[in-house]
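*Asks:* This is the structure I have questions about; it appears just below.
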Amino acid sequence: MFQAFDNPGPGRPLARAHWMALLARAPVGILEPALQAHAALPARWLRAPETGLMMVQGRAGGTGERFNLGEITVTRCALRVQPSEDADATVGVAYVLGRSHRQVQLAALADALLQDPALQAALDATLLDPIRRHLVQAQSERQARAASTRVDFFTVARESGGTNGEEDQQ
């Protein structure tokens, strides 16, 4: 069972859950340049990128009972990387929506590198901050598109002349 990224669960640090949630939604255009310097690191595949389906559940009504909503395409992989000679090898894991093998490879590499305390601050500034800005901008664009379709029914009623003759007769 999957945990929400804001629920640390037993023995799992909250910081990793946050960066994994960011990496899962990051576009390849942000991941590629930020990880270009680390792309040559020797990596051993524990699970090569593979695409499959996952069942998505929804919740209905006031009781919140779960039901199977449908299936989505997910790509996953796992790799082992040794970021430097003095550092231990770390395992990077990633799941992303869709079929992009390159995106999941870069997200897994970033996960492995972010587990190294020596690289964490630099990658936070060069990788995670641009992802955060991108996601905030995408959300504001979605909200602006949704706001442009908003209908204010009170305004429509006022513009139509308020009351019609039927209310005066009652």
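Residues in the structure tokens are numbered from 1 in each chain, the chains being A, B, ... in the order shown, and ligands are numbered from 1 in the order shown.
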List as a list in words the protein and nucleic acid residues near range 107-121 of chain A, meaning an atom at most 7 Å away when only C-alpha atoms are counted, but skip any in the same chain fewer than 6 places from it.
*Replies:*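 That gives Met20, Leu23, Ala24, Cys77, Ala78, Leu79, Val81, Pro83, Thr90, Val91, Gly92, Val93 and Ala94 of chain A.
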*Asks:* Next, dump the selected residues to file, keeping only N, CA, C and O atoms, as a JSON list (two decimals), in the first residue's frame.
*Replies:*
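Wrote selection-v3.json, looks like this:
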```json
[["chain", "number", "residue", "atom", "x", "y", "z"],
["A", 20, "MET", "N", 10.92, 12.89, -3.63],
["A", 20, "MET", "CA", 10.44, 11.88, -4.57],
["A", 20, "MET", "C", 9.12, 12.32, -5.21],
["A", 20, "MET", "O", 8.88, 12.06, -6.39],
["A", 23, "LEU", "N", 10.20, 14.85, -7.85],
["A", 23, "LEU", "CA", 10.85, 14.21, -8.99],
["A", 23, "LEU", "C", 9.85, 13.46, -9.86],
["A", 23, "LEU", "O", 10.01, 13.40, -11.08],
["A", 24, "ALA", "N", 8.81, 12.90, -9.27],
["A", 24, "ALA", "CA", 7.81, 12.17, -10.04],
["A", 24, "ALA", "C", 7.03, 13.10, -10.97],
["A", 24, "ALA", "O", 6.55, 12.67, -12.02],
["A", 77, "CYS", "N", 11.64, 2.35, -12.16],
["A", 77, "CYS", "CA", 12.98, 1.77, -12.24],
["A", 77, "CYS", "C", 13.68, 1.95, -10.90],
["A", 77, "CYS", "O", 13.25, 2.72, -10.05],
["A", 78, "ALA", "N", 14.77, 1.21, -10.74],
["A", 78, "ALA", "CA", 15.62, 1.32, -9.55],
["A", 78, "ALA", "C", 17.06, 1.10, -9.99],
["A", 78, "ALA", "O", 17.34, 0.25, -10.84],
["A", 79, "LEU", "N", 17.97, 1.90, -9.44],
["A", 79, "LEU", "CA", 19.38, 1.77, -9.78],
["A", 79, "LEU", "C", 20.24, 2.02, -8.57],
["A", 79, "LEU", "O", 19.82, 2.64, -7.59],
["A", 81, "VAL", "N", 23.88, 3.65, -7.36],
["A", 81, "VAL", "CA", 24.90, 4.61, -7.79],
["A", 81, "VAL", "C", 25.85, 4.86, -6.63],
["A", 81, "VAL", "O", 25.42, 4.95, -5.47],
["A", 83, "PRO", "N", 28.01, 7.87, -5.68],
["A", 83, "PRO", "CA", 28.25, 9.25, -6.09],
["A", 83, "PRO", "C", 29.71, 9.68, -6.03],
["A", 83, "PRO", "O", 30.17, 10.48, -6.84],
["A", 90, "THR", "N", 24.25, 4.20, -3.09],
["A", 90, "THR", "CA", 22.86, 4.43, -2.70],
["A", 90, "THR", "C", 21.94, 3.92, -3.80],
["A", 90, "THR", "O", 22.32, 3.84, -4.96],
["A", 91, "VAL", "N", 20.74, 3.58, -3.40],
["A", 91, "VAL", "CA", 19.74, 3.07, -4.34],
["A", 91, "VAL", "C", 18.74, 4.17, -4.61],
["A", 91, "VAL", "O", 18.17, 4.75, -3.69],
["A", 92, "GLY", "N", 18.54, 4.45, -5.89],
["A", 92, "GLY", "CA", 17.54, 5.42, -6.30],
["A", 92, "GLY", "C", 16.36, 4.70, -6.93],
["A", 92, "GLY", "O", 16.52, 3.79, -7.73],
["A", 93, "VAL", "N", 15.17, 5.13, -6.56],
["A", 93, "VAL", "CA", 13.93, 4.52, -7.04],
["A", 93, "VAL", "C", 13.04, 5.62, -7.58],
["A", 93, "VAL", "O", 13.02, 6.72, -7.04],
["A", 94, "ALA", "N", 12.31, 5.33, -8.66],
["A", 94, "ALA", "CA", 11.38, 6.33, -9.18],
["A", 94, "ALA", "C", 10.19, 5.67, -9.84],
["A", 94, "ALA", "O", 10.31, 4.61, -10.45]]
```
*Asks:* Please report, as a tab-separated table, each residue of range 67-109 of chain A lying at most 10 Å from range 47-63 of chain A, together with the nearest pair of atoms and the separation in Å rounded to one decimal; use only C-alpha atoms, and order rows by chain and ascending residue number.
*Replies:*
```
residue	atom	partner	partner_atom	distance
A:Phe67	CA	A:Gly58	CA	5.5
A:Asn68	CA	A:Gln57	CA	4.5
A:Leu69	CA	A:Gln57	CA	5.1
A:Gly70	CA	A:Val56	CA	5.4
A:Glu71	CA	A:Met55	CA	4.4
A:Ile72	CA	A:Met54	CA	5.5
A:Thr73	CA	A:Leu53	CA	4.7
A:Val74	CA	A:Gly52	CA	5.5
A:Thr75	CA	A:Thr51	CA	4.2
A:Arg76	CA	A:Pro49	CA	5.5
A:Cys77	CA	A:Pro49	CA	4.5
A:Ala78	CA	A:Arg47	CA	4.8
A:Leu79	CA	A:Arg47	CA	6.6
A:Arg80	CA	A:Arg47	CA	9.6
A:Val93	CA	A:Arg47	CA	9.0
A:Ala94	CA	A:Pro49	CA	9.3
A:Tyr95	CA	A:Pro49	CA	9.4
A:Val96	CA	A:Thr51	CA	9.5
A:Leu97	CA	A:Thr51	CA	9.4
A:Gly98	CA	A:Thr51	CA	8.0
A:Arg99	CA	A:Thr51	CA	6.1
A:Ser100	CA	A:Thr51	CA	8.6
A:His101	CA	A:Pro49	CA	5.8
A:Arg102	CA	A:Pro49	CA	8.5
A:Gln103	CA	A:Pro49	CA	9.8
A:Val104	CA	A:Pro49	CA	7.1
A:Gln105	CA	A:Pro49	CA	7.0
A:Ala108	CA	A:Pro49	CA	9.9
```
*Asks:* When DSSP is applied to the backbone of this structure, which of range 60-106 of chain A are assigned helix (DSSP H, G or I)? Write them out as an NGL selection string.
*Replies:* :A and (101-106)
*Asks:* Go ahead and compute the interatomic distance for CA of Trp19 in chain A and CA of Arg145 in chain A, in Å to one decimal.
*Replies:*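 Value for the CA of Trp19 in chain A-CA of Arg145 in chain A distance: 27.6 Å.
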*Asks:* If you count only C-alpha atoms, which residues fall within 9 Å of Ser84 in chain A, apart from same-chain ones fewer than 4 positions away, as a PyMOL selection string?
*Replies:* chain A and resi 41+88-89
*Asks:* With distances taken over only C-alpha atoms, which residue among A:Asp152, A:Glu141, A:Asp86, A:Asp129 lies nearest Leu22 in chain A?
*Replies:*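 Smallest separation from Leu22 in chain A among the options: A:Asp129.
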